[in-house]
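Next comes protein-v8.tsv, with TSV, C-alpha atoms (C1' of nucleotides).
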chain	number	residue	atom	x	y	z
A	1	MET	CA	103.56	103.59	47.40
A	2	TRP	CA	103.36	100.20	48.93
A	3	VAL	CA	105.84	97.92	50.57
A	4	SER	CA	105.63	94.19	50.04
A	5	ARG	CA	104.95	91.85	52.86
A	6	ARG	CA	108.38	90.35	52.65
A	7	THR	CA	109.91	93.76	53.08
A	8	ASP	CA	107.81	94.27	56.15
A	9	TYR	CA	108.79	90.89	57.50
A	10	ALA	CA	112.45	91.52	56.88
A	11	THR	CA	112.46	94.78	58.76
A	12	ARG	CA	110.69	93.20	61.69
A	13	ALA	CA	113.19	90.41	61.81
A	14	ILE	CA	116.15	92.73	61.79
A	15	LEU	CA	114.60	94.81	64.51
A	16	VAL	CA	114.12	91.80	66.72
A	17	LEU	CA	117.68	90.71	66.12
A	18	ALA	CA	118.86	94.21	66.92
A	19	LEU	CA	117.04	94.10	70.23
A	20	GLU	CA	118.56	90.75	71.02
A	21	GLU	CA	122.01	91.89	70.13
A	22	GLY	CA	124.52	89.12	70.18
A	23	ARG	CA	122.50	86.09	71.02
A	24	PRO	CA	121.82	83.89	67.99
A	25	MET	CA	118.16	83.29	67.38
A	26	LYS	CA	116.67	80.29	65.71
A	27	LEU	CA	114.38	80.64	62.76
A	28	GLU	CA	111.53	79.22	64.73
A	29	GLU	CA	111.87	81.71	67.52
A	30	LEU	CA	112.38	84.58	65.13
A	31	ALA	CA	109.22	83.61	63.32
A	32	ARG	CA	107.28	83.57	66.53
A	33	ARG	CA	108.61	86.88	67.75
A	34	THR	CA	107.87	88.65	64.52
A	35	ALA	CA	104.54	86.96	63.79
A	36	VAL	CA	105.82	85.89	60.41
A	37	PRO	CA	105.16	82.45	58.92
A	38	GLN	CA	108.29	80.46	59.38
A	39	SER	CA	108.18	79.20	55.82
A	40	VAL	CA	108.41	82.76	54.57
A	41	LEU	CA	111.27	83.62	56.85
A	42	GLU	CA	113.01	80.62	55.39
A	43	GLN	CA	113.16	82.61	52.22
A	44	VAL	CA	113.72	86.02	53.63
A	45	MET	CA	116.60	85.34	55.95
A	46	PRO	CA	118.95	83.70	53.46
A	47	THR	CA	118.47	86.70	51.21
A	48	MET	CA	119.65	88.96	53.97
A	49	ARG	CA	122.49	86.64	54.73
A	50	THR	CA	123.68	86.81	51.14
A	51	ALA	CA	123.48	90.56	51.38
A	52	GLY	CA	125.73	90.52	54.41
A	53	ILE	CA	123.19	91.93	56.80
A	54	VAL	CA	122.91	88.89	59.02
A	55	ARG	CA	125.02	85.84	59.60
A	56	SER	CA	123.83	82.38	60.40
A	57	ASP	CA	125.20	79.34	62.14
A	58	ARG	CA	123.88	75.88	61.61
A	59	GLY	CA	123.44	73.08	64.02
A	60	PRO	CA	122.26	73.11	67.59
A	61	SER	CA	123.13	76.38	69.26
A	62	GLY	CA	122.98	77.92	65.82
A	63	GLY	CA	120.64	80.60	64.52
A	64	TYR	CA	120.74	84.11	63.15
A	65	ARG	CA	122.61	87.15	64.35
A	66	LEU	CA	123.24	90.56	62.90
A	67	ASN	CA	126.37	90.72	60.86
A	68	LYS	CA	126.86	94.43	61.49
A	69	LYS	CA	126.16	96.82	64.26
A	70	PRO	CA	122.55	98.02	64.27
A	71	GLU	CA	123.69	101.57	63.66
A	72	GLU	CA	125.29	100.43	60.44
A	73	ILE	CA	122.15	98.93	59.02
A	74	THR	CA	119.86	101.46	57.44
A	75	LEU	CA	116.26	100.88	56.67
A	76	GLU	CA	117.01	101.79	53.09
A	77	ARG	CA	119.36	98.86	52.81
A	78	VAL	CA	116.74	96.38	53.86
A	79	VAL	CA	113.91	97.89	51.90
A	80	ARG	CA	116.01	98.05	48.77
A	81	LEU	CA	116.89	94.43	49.08
A	82	PHE	CA	113.33	93.25	48.85
A	83	GLN	CA	111.58	96.09	47.19
A	84	GLY	CA	113.88	96.60	44.28
A	85	GLN	CA	113.89	100.04	42.78
A	86	LEU	CA	112.49	102.72	44.99
A	87	ALA	CA	111.46	105.04	42.22
A	88	PRO	CA	107.74	105.46	41.87
A	89	ILE	CA	107.88	104.93	38.16
A	90	SER	CA	110.16	103.18	35.76
A	91	CYS	CA	111.65	106.15	33.93
A	92	VAL	CA	113.22	107.63	37.04
A	93	THR	CA	115.14	104.81	38.63
A	94	ARG	CA	118.56	105.97	39.69
A	95	HIS	CA	120.39	103.30	37.77
A	96	ASN	CA	119.57	102.75	34.13
A	97	PRO	CA	116.16	104.33	34.00
A	98	GLU	CA	113.92	102.97	31.34
A	99	PRO	CA	113.61	105.28	28.35
A	100	CYS	CA	110.48	107.32	28.70
A	101	ALA	CA	107.91	107.32	25.98
A	102	LEU	CA	107.91	111.06	26.29
A	103	SER	CA	111.60	111.28	26.91
A	104	VAL	CA	112.29	114.90	26.08
A	105	GLY	CA	110.56	117.20	28.46
A	106	CYS	CA	108.72	114.57	30.38
A	107	THR	CA	107.64	116.93	33.03
A	108	MET	CA	106.21	114.48	35.42
A	109	ARG	CA	109.60	112.90	35.68
A	110	SER	CA	111.05	115.60	37.86
A	111	VAL	CA	108.29	115.17	40.41
A	112	TRP	CA	108.67	111.44	40.59
A	113	GLU	CA	112.35	112.03	41.11
A	114	GLU	CA	111.57	114.26	44.03
A	115	VAL	CA	109.33	111.64	45.54
A	116	ARG	CA	111.98	109.04	45.09
A	117	ASP	CA	114.68	111.17	46.67
A	118	ALA	CA	112.52	112.13	49.59
A	119	THR	CA	111.74	108.52	50.29
A	120	ILE	CA	115.29	107.38	49.94
A	121	SER	CA	116.76	110.05	52.14
A	122	LEU	CA	114.23	109.31	54.81
A	123	LEU	CA	114.87	105.59	54.74
A	124	ALA	CA	118.58	106.09	54.55
A	125	GLY	CA	118.49	108.27	57.63
A	126	VAL	CA	116.99	105.62	59.85
A	127	THR	CA	119.16	102.88	61.28
A	128	PHE	CA	118.11	99.88	63.26
A	129	ALA	CA	119.86	101.33	66.24
A	130	ASP	CA	117.36	104.18	66.07
A	131	LEU	CA	114.52	101.75	65.74
A	132	ALA	CA	115.70	99.62	68.60
A	133	GLY	CA	115.86	102.78	70.65
A	134	ARG	CA	112.27	103.64	69.84
A	135	SER	CA	111.15	100.17	70.68
A	136	ASP	CA	111.53	100.04	74.44
A	137	GLY	CA	110.18	96.86	75.76
A	138	ALA	CA	106.86	96.20	74.15
A	139	TRP	CA	108.40	93.92	71.60
A	140	ARG	CA	109.84	91.67	74.22
A	141	GLU	CA	106.50	90.42	75.36
A	142	PRO	CA	105.63	87.30	73.39
A	143	ALA	CA	102.08	87.52	74.73
A	144	LEU	CA	101.45	90.56	72.61
A	145	LEU	CA	101.98	88.58	69.49
A	146	ALA	CA	99.00	86.37	70.01
A	147	ILE	CA	96.64	88.73	68.20
A	148	ALA	CA	95.36	87.18	65.00
A	149	PRO	CA	96.41	88.93	61.81
A	150	ALA	CA	93.46	90.38	59.91
A	151	PRO	CA	93.02	89.63	56.21
A	152	ALA	CA	94.41	92.51	54.19
A	153	ALA	CA	91.88	94.68	52.42
A	154	ARG	CA	93.56	97.15	50.16
A	155	GLU	CA	91.06	99.09	48.16
A	156	PRO	CA	91.43	102.27	46.14
A	157	ALA	CA	90.35	105.34	48.00
A	158	GLU	CA	87.42	106.76	46.15
A	159	VAL	CA	86.21	105.21	42.94
A	160	ALA	CA	87.29	101.87	41.63
A	161	ALA	CA	89.45	102.64	38.65
A	162	ALA	CA	89.33	99.16	37.24
A	163	GLY	CA	86.32	97.15	36.32
B	164	MET	CA	107.07	102.53	46.44
B	165	TRP	CA	105.55	102.22	43.07
B	166	VAL	CA	102.87	104.07	41.21
B	167	SER	CA	100.50	102.19	38.96
B	168	ARG	CA	100.42	102.79	35.27
B	169	ARG	CA	96.96	104.26	35.44
B	170	THR	CA	98.16	106.81	37.95
B	171	ASP	CA	100.94	107.76	35.61
B	172	TYR	CA	98.55	108.02	32.70
B	173	ALA	CA	96.14	110.16	34.66
B	174	THR	CA	98.79	112.67	35.64
B	175	ARG	CA	99.99	112.95	32.09
B	176	ALA	CA	96.50	113.58	30.87
B	177	ILE	CA	95.86	116.30	33.39
B	178	LEU	CA	99.12	117.94	32.55
B	179	VAL	CA	98.29	118.03	28.87
B	180	LEU	CA	94.89	119.47	29.62
B	181	ALA	CA	96.47	122.05	31.85
B	182	LEU	CA	98.75	123.12	29.05
B	183	GLU	CA	95.84	123.37	26.66
B	184	GLU	CA	93.79	125.35	29.11
B	185	GLY	CA	90.28	125.93	27.94
B	186	ARG	CA	90.12	124.09	24.67
B	187	PRO	CA	88.26	120.79	24.96
B	188	MET	CA	90.31	117.84	23.85
B	189	LYS	CA	88.95	114.63	22.43
B	190	LEU	CA	89.87	111.32	23.94
B	191	GLU	CA	91.65	110.31	20.79
B	192	GLU	CA	93.86	113.37	20.74
B	193	LEU	CA	94.50	113.12	24.45
B	194	ALA	CA	95.58	109.53	24.03
B	195	ARG	CA	97.94	110.48	21.25
B	196	ARG	CA	99.47	113.38	23.13
B	197	THR	CA	100.07	111.38	26.27
B	198	ALA	CA	101.14	108.16	24.57
B	199	VAL	CA	98.49	106.26	26.46
B	200	PRO	CA	96.35	103.53	24.91
B	201	GLN	CA	93.00	105.08	24.18
B	202	SER	CA	91.18	102.12	25.65
B	203	VAL	CA	92.81	102.74	28.97
B	204	LEU	CA	92.08	106.43	28.94
B	205	GLU	CA	88.49	105.42	28.37
B	206	GLN	CA	88.59	104.11	31.89
B	207	VAL	CA	90.79	106.70	33.46
B	208	MET	CA	89.05	109.85	32.33
B	209	PRO	CA	85.57	109.04	33.58
B	210	THR	CA	87.05	108.35	36.99
B	211	MET	CA	88.53	111.79	37.04
B	212	ARG	CA	85.29	113.25	35.84
B	213	THR	CA	83.40	111.63	38.70
B	214	ALA	CA	85.96	113.06	41.05
B	215	GLY	CA	85.31	116.52	39.70
B	216	ILE	CA	88.76	117.06	38.31
B	217	VAL	CA	87.76	117.27	34.67
B	218	ARG	CA	84.52	117.88	32.86
B	219	SER	CA	83.44	116.37	29.59
B	220	ASP	CA	81.10	117.22	26.76
B	221	ARG	CA	79.72	114.71	24.34
B	222	GLY	CA	79.03	114.99	20.72
B	223	PRO	CA	81.00	116.73	18.00
B	224	SER	CA	82.99	119.63	19.39
B	225	GLY	CA	82.97	117.77	22.69
B	226	GLY	CA	85.93	116.48	24.66
B	227	TYR	CA	87.62	116.92	27.99
B	228	ARG	CA	88.57	120.06	29.88
B	229	LEU	CA	89.81	120.74	33.35
B	230	ASN	CA	87.03	121.40	35.78
B	231	LYS	CA	89.19	123.50	38.07
B	232	LYS	CA	92.09	125.83	37.65
B	233	PRO	CA	95.39	124.00	37.38
B	234	GLU	CA	96.62	125.62	40.55
B	235	GLU	CA	93.74	124.03	42.38
B	236	ILE	CA	94.59	120.50	41.33
B	237	THR	CA	97.30	118.93	43.40
B	238	LEU	CA	99.25	115.91	42.41
B	239	GLU	CA	98.15	114.28	45.61
B	240	ARG	CA	94.55	114.49	44.54
B	241	VAL	CA	95.19	112.63	41.32
B	242	VAL	CA	97.52	110.08	42.78
B	243	ARG	CA	95.15	109.33	45.61
B	244	LEU	CA	92.33	108.75	43.19
B	245	PHE	CA	94.06	105.92	41.43
B	246	GLN	CA	96.55	104.72	43.93
B	247	GLY	CA	94.27	104.32	46.90
B	248	GLN	CA	95.98	104.52	50.24
B	249	LEU	CA	99.36	106.14	50.16
B	250	ALA	CA	100.69	104.44	53.24
B	251	PRO	CA	103.50	102.00	52.59
B	252	ILE	CA	101.87	99.36	54.72
B	253	SER	CA	98.39	98.51	55.82
B	254	CYS	CA	98.65	99.27	59.50
B	255	VAL	CA	99.45	102.95	58.97
B	256	THR	CA	96.81	104.21	56.59
B	257	ARG	CA	95.43	107.54	57.76
B	258	HIS	CA	91.86	106.37	57.77
B	259	ASN	CA	90.91	103.15	59.54
B	260	PRO	CA	94.32	101.52	59.64
B	261	GLU	CA	94.23	97.79	59.78
B	262	PRO	CA	94.97	96.41	63.22
B	263	CYS	CA	98.59	95.42	63.39
B	264	ALA	CA	99.54	91.91	64.39
B	265	LEU	CA	102.02	93.51	66.71
B	266	SER	CA	99.75	96.34	67.64
B	267	VAL	CA	101.27	97.51	70.87
B	268	GLY	CA	104.68	98.92	70.34
B	269	CYS	CA	104.93	98.09	66.68
B	270	THR	CA	108.03	100.10	66.19
B	271	MET	CA	108.23	99.95	62.49
B	272	ARG	CA	104.92	101.66	62.30
B	273	SER	CA	106.25	105.06	63.15
B	274	VAL	CA	108.74	104.93	60.33
B	275	TRP	CA	106.17	103.93	57.78
B	276	GLU	CA	104.09	106.82	59.01
B	277	GLU	CA	106.96	109.14	58.37
B	278	VAL	CA	107.39	107.81	54.88
B	279	ARG	CA	103.73	108.23	54.23
B	280	ASP	CA	103.64	111.78	55.52
B	281	ALA	CA	106.71	112.80	53.60
B	282	THR	CA	105.23	111.49	50.40
B	283	ILE	CA	101.87	113.06	50.97
B	284	SER	CA	103.19	116.47	51.83
B	285	LEU	CA	105.38	116.45	48.77
B	286	LEU	CA	102.57	115.44	46.46
B	287	ALA	CA	100.19	117.84	48.10
B	288	GLY	CA	102.59	120.69	47.52
B	289	VAL	CA	102.71	120.30	43.78
B	290	THR	CA	99.90	121.61	41.62
B	291	PHE	CA	99.41	121.19	37.93
B	292	ALA	CA	100.00	124.87	37.51
B	293	ASP	CA	103.52	124.22	38.80
B	294	LEU	CA	103.92	121.32	36.47
B	295	ALA	CA	102.63	123.22	33.50
B	296	GLY	CA	105.15	125.88	34.35
B	297	ARG	CA	107.99	123.41	34.37
B	298	SER	CA	106.88	121.99	31.09
B	299	ASP	CA	107.64	124.76	28.66
B	300	GLY	CA	107.11	123.63	25.17
B	301	ALA	CA	108.58	120.21	24.78
B	302	TRP	CA	105.24	118.59	25.35
B	303	ARG	CA	103.65	120.46	22.53
B	304	GLU	CA	105.65	118.67	19.89
B	305	PRO	CA	103.68	115.64	18.75
B	306	ALA	CA	106.77	114.38	16.99
B	307	LEU	CA	108.44	113.64	20.26
B	308	LEU	CA	105.78	111.17	21.11
B	309	ALA	CA	106.65	108.80	18.34
B	310	ILE	CA	109.19	106.91	20.40
B	311	ALA	CA	108.03	103.38	21.04
B	312	PRO	CA	107.29	102.51	24.63
B	313	ALA	CA	109.59	99.84	25.99
B	314	PRO	CA	108.17	96.85	27.83
B	315	ALA	CA	108.37	97.44	31.54
B	316	ALA	CA	110.88	95.32	33.41
B	317	ARG	CA	110.54	95.74	37.14
B	318	GLU	CA	112.92	93.45	38.94
B	319	PRO	CA	114.18	93.50	42.49
B	320	ALA	CA	117.50	95.18	42.85
B	321	GLU	CA	119.91	92.68	44.19
B	322	VAL	CA	118.83	89.18	44.95
B	323	ALA	CA	115.57	87.68	43.92
B	324	ALA	CA	113.59	87.29	47.06
B	325	ALA	CA	111.08	84.92	45.59
B	326	GLY	CA	111.71	81.59	43.98
C	327	DC	C1'	63.90	113.46	12.71
C	328	DG	C1'	68.16	111.00	11.77
C	329	DT	C1'	72.83	110.44	11.59
C	330	DA	C1'	77.52	111.19	12.74
C	331	DT	C1'	80.39	112.16	16.54
C	332	DT	C1'	81.91	111.64	21.06
C	333	DG	C1'	82.00	110.17	25.87
C	334	DT	C1'	80.34	106.01	29.32
C	335	DT	C1'	80.10	101.70	31.18
C	336	DG	C1'	80.89	97.04	32.35
C	337	DA	C1'	82.56	92.54	31.19
C	338	DC	C1'	86.54	90.28	30.23
C	339	DA	C1'	91.24	88.01	29.20
C	340	DA	C1'	96.05	87.75	29.62
C	341	DA	C1'	99.90	88.65	32.27
C	342	DA	C1'	102.41	89.62	36.24
C	343	DA	C1'	103.23	89.87	41.09
C	344	DC	C1'	102.65	88.36	45.70
C	345	DT	C1'	102.13	85.08	49.38
C	346	DG	C1'	102.74	81.20	51.58
C	347	DT	C1'	103.95	76.03	51.67
C	348	DC	C1'	106.69	72.16	51.16
C	349	DA	C1'	110.24	68.58	50.47
C	350	DG	C1'	114.67	67.46	50.14
C	351	DA	C1'	119.63	68.98	50.22
C	352	DC	C1'	123.16	70.46	52.98
C	353	DA	C1'	126.02	71.82	57.15
C	354	DA	C1'	127.49	71.74	61.93
C	355	DC	C1'	127.64	70.20	66.34
C	356	DT	C1'	127.43	66.26	69.96
D	357	DA	C1'	125.78	58.37	63.17
D	358	DG	C1'	122.20	61.20	64.60
D	359	DT	C1'	120.09	65.49	65.67
D	360	DT	C1'	119.35	70.12	64.98
D	361	DG	C1'	118.99	73.68	62.02
D	362	DT	C1'	119.69	76.38	57.62
D	363	DC	C1'	119.26	76.59	52.28
D	364	DT	C1'	117.18	76.11	47.92
D	365	DG	C1'	113.98	75.59	44.35
D	366	DA	C1'	109.61	74.17	42.78
D	367	DC	C1'	104.98	75.15	43.21
D	368	DA	C1'	99.96	76.57	43.79
D	369	DG	C1'	96.49	79.83	45.00
D	370	DT	C1'	95.21	84.46	45.07
D	371	DT	C1'	95.16	89.11	43.98
D	372	DT	C1'	96.51	93.07	41.10
D	373	DT	C1'	97.45	95.11	37.05
D	374	DT	C1'	96.96	96.03	32.34
D	375	DG	C1'	94.78	96.48	28.32
D	376	DT	C1'	90.80	95.42	24.96
D	377	DC	C1'	86.27	95.41	23.38
D	378	DA	C1'	81.38	96.01	22.42
D	379	DA	C1'	77.21	97.88	23.46
D	380	DC	C1'	75.21	102.15	25.10
D	381	DA	C1'	73.97	107.29	25.97
D	382	DA	C1'	74.18	112.03	24.89
D	383	DT	C1'	75.00	115.93	21.95
D	384	DA	C1'	75.37	118.64	17.52
D	385	DC	C1'	73.93	119.57	13.12
D	386	DG	C1'	71.60	119.22	8.91
Translate this file's structure into structure tokens.
Amino acid sequence: MWVSRRTDYATRAILVLALEEGRPMKLEELARRTAVPQSVLEQVMPTMRTAGIVRSDRGPSGGYRLNKKPEEITLERVVRLFQGQLAPISCVTRHNPEPCALSVGCTMRSVWEEVRDATISLLAGVTFADLAGRSDGAWREPALLAIAPAPAAREPAEVAAAG
Amino acid sequence: MWVSRRTDYATRAILVLALEEGRPMKLEELARRTAVPQSVLEQVMPTMRTAGIVRSDRGPSGGYRLNKKPEEITLERVVRLFQGQLAPISCVTRHNPEPCALSVGCTMRSVWEEVRDATISLLAGVTFADLAGRSDGAWREPALLAIAPAPAAREPAEVAAAG
DNA sequence: CGTATTGTTGACAAAAACTGTCAGACAACT
DNA sequence: AGTTGTCTGACAGTTTTTGTCAACAATACG
């Protein structure tokens, strides 16, 4: 039910690039605009380059650009890249699901499959052109990025299940 | 995008109890029927008891029973209990979301909210009466549980994002 | 009462995942 | 050649997850 930080970072980066369509953006600027540590983007961006989502040019006047049109990049694509399998549990991944300890008649399976499919179809239906459209300006203000990131507190809802 | 093992275990346990409606089931039997390590169920079941989902009786002839009718227990309830916040990212939890580093105009936020809501409404729409209905027999065969559980391998899909 | 049976609790260890940092290699442009 | 910028892998600290265990509390039954 949770998306890793790198996934979050990646989507932000693509969104910024989509808004800046065309102009190559340096890692340093991209990091600033997305409020992501540059050292992490150093890892994230090459992964997306390998996947064909962005292209990069080295040297002065280099930087990152989208390698496709924003409307061709779905959120699912990006999430998948960093998140791995989208299934909520290992016995219902779409490709080679792990054999279930309760293989025959594992009833829960069908529900997890539904959750998976709902998530996937939602993510697959959103492109970065859509997102850029929703964005409208606010992102372009570097001043807004000055807010300090709060430390993440991620506690279970009601009772601690673990000791 | 992933559900913890304990969440999985908990749902299995409730399902088995729903199928056995009425009869109290000992931890040991429950563990066997769900293929869950007993020592883990020792943690999971009391949590569900505290939450009012099951009741327990000690002593000989004791064990666990559902504390509500299966149709009153939604999957969301159980998942929430162990999974904590269902939002895919910390700035979009329904209750006190963490302030976003890009608070104003954080475009991604709306999508994560959609993912969250889709997941929640799906989980909230499924009760354990439904699940028990889907189950139909297969679960009742202890023989089917003999299959050894495979070690979980949970790797990113395409390119390793981390070193 | 006492004993066997069963759930309860908290501490704990090992493993895995996540996050962020860094240094040095490599490529392209001037 | 030098400068700018990307690429890669190793790495350390932290947090989460997973499972185990032992001591404890309550109930049933003789």
As a VMD selection string, please: the residues near region 360-365 of chain D (cut-off 10 Å, all atoms listed in the file, same-chain neighbours under 5 positions excluded). (chain A and resid 26 to 28 42 to 43 45 to 46 56 to 64) or (chain B and resid 325 to 326) or (chain C and resid 350 to 355)
Give me, as a VMD selection string, the contact residues of chain C against chain A at a cut-off of 10 Å, counting all atoms listed in the file. chain C and resid 335 to 338 344 to 348 353 to 356
Interatomic distance between CA of Arg32 (chain A) and CA of Tyr9 (chain A)?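 CA of Arg32 (chain A) sits 11.7 Å away from CA of Tyr9 (chain A).
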Counting only C-alpha atoms, the residue of B:Asp171, B:Asn230, B:Gly215, B:Ile236 that sits nearest Ala295 (chain B):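 Nearest candidate to Ala295 (chain B) out of B:Asp171, B:Asn230, B:Gly215, B:Ile236: B:Ile236.
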Using only C-alpha atoms (C1' of nucleotides), can you tell me which of A:Leu122, A:Leu41, A:Val78, A:Met1 comes closest to chain D?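 Checking each candidate against chain D, we get A:Leu41 as the closest.
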Rank B:Leu229, B:Val166, B:Leu180, B:Ala173 by their smallest atom-to-atom distance to chain A, using all atoms listed in the file, and report the top residue only.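 Going through B:Leu229, B:Val166, B:Leu180, B:Ala173 one by one, the smallest distance to chain A is for B:Val166.
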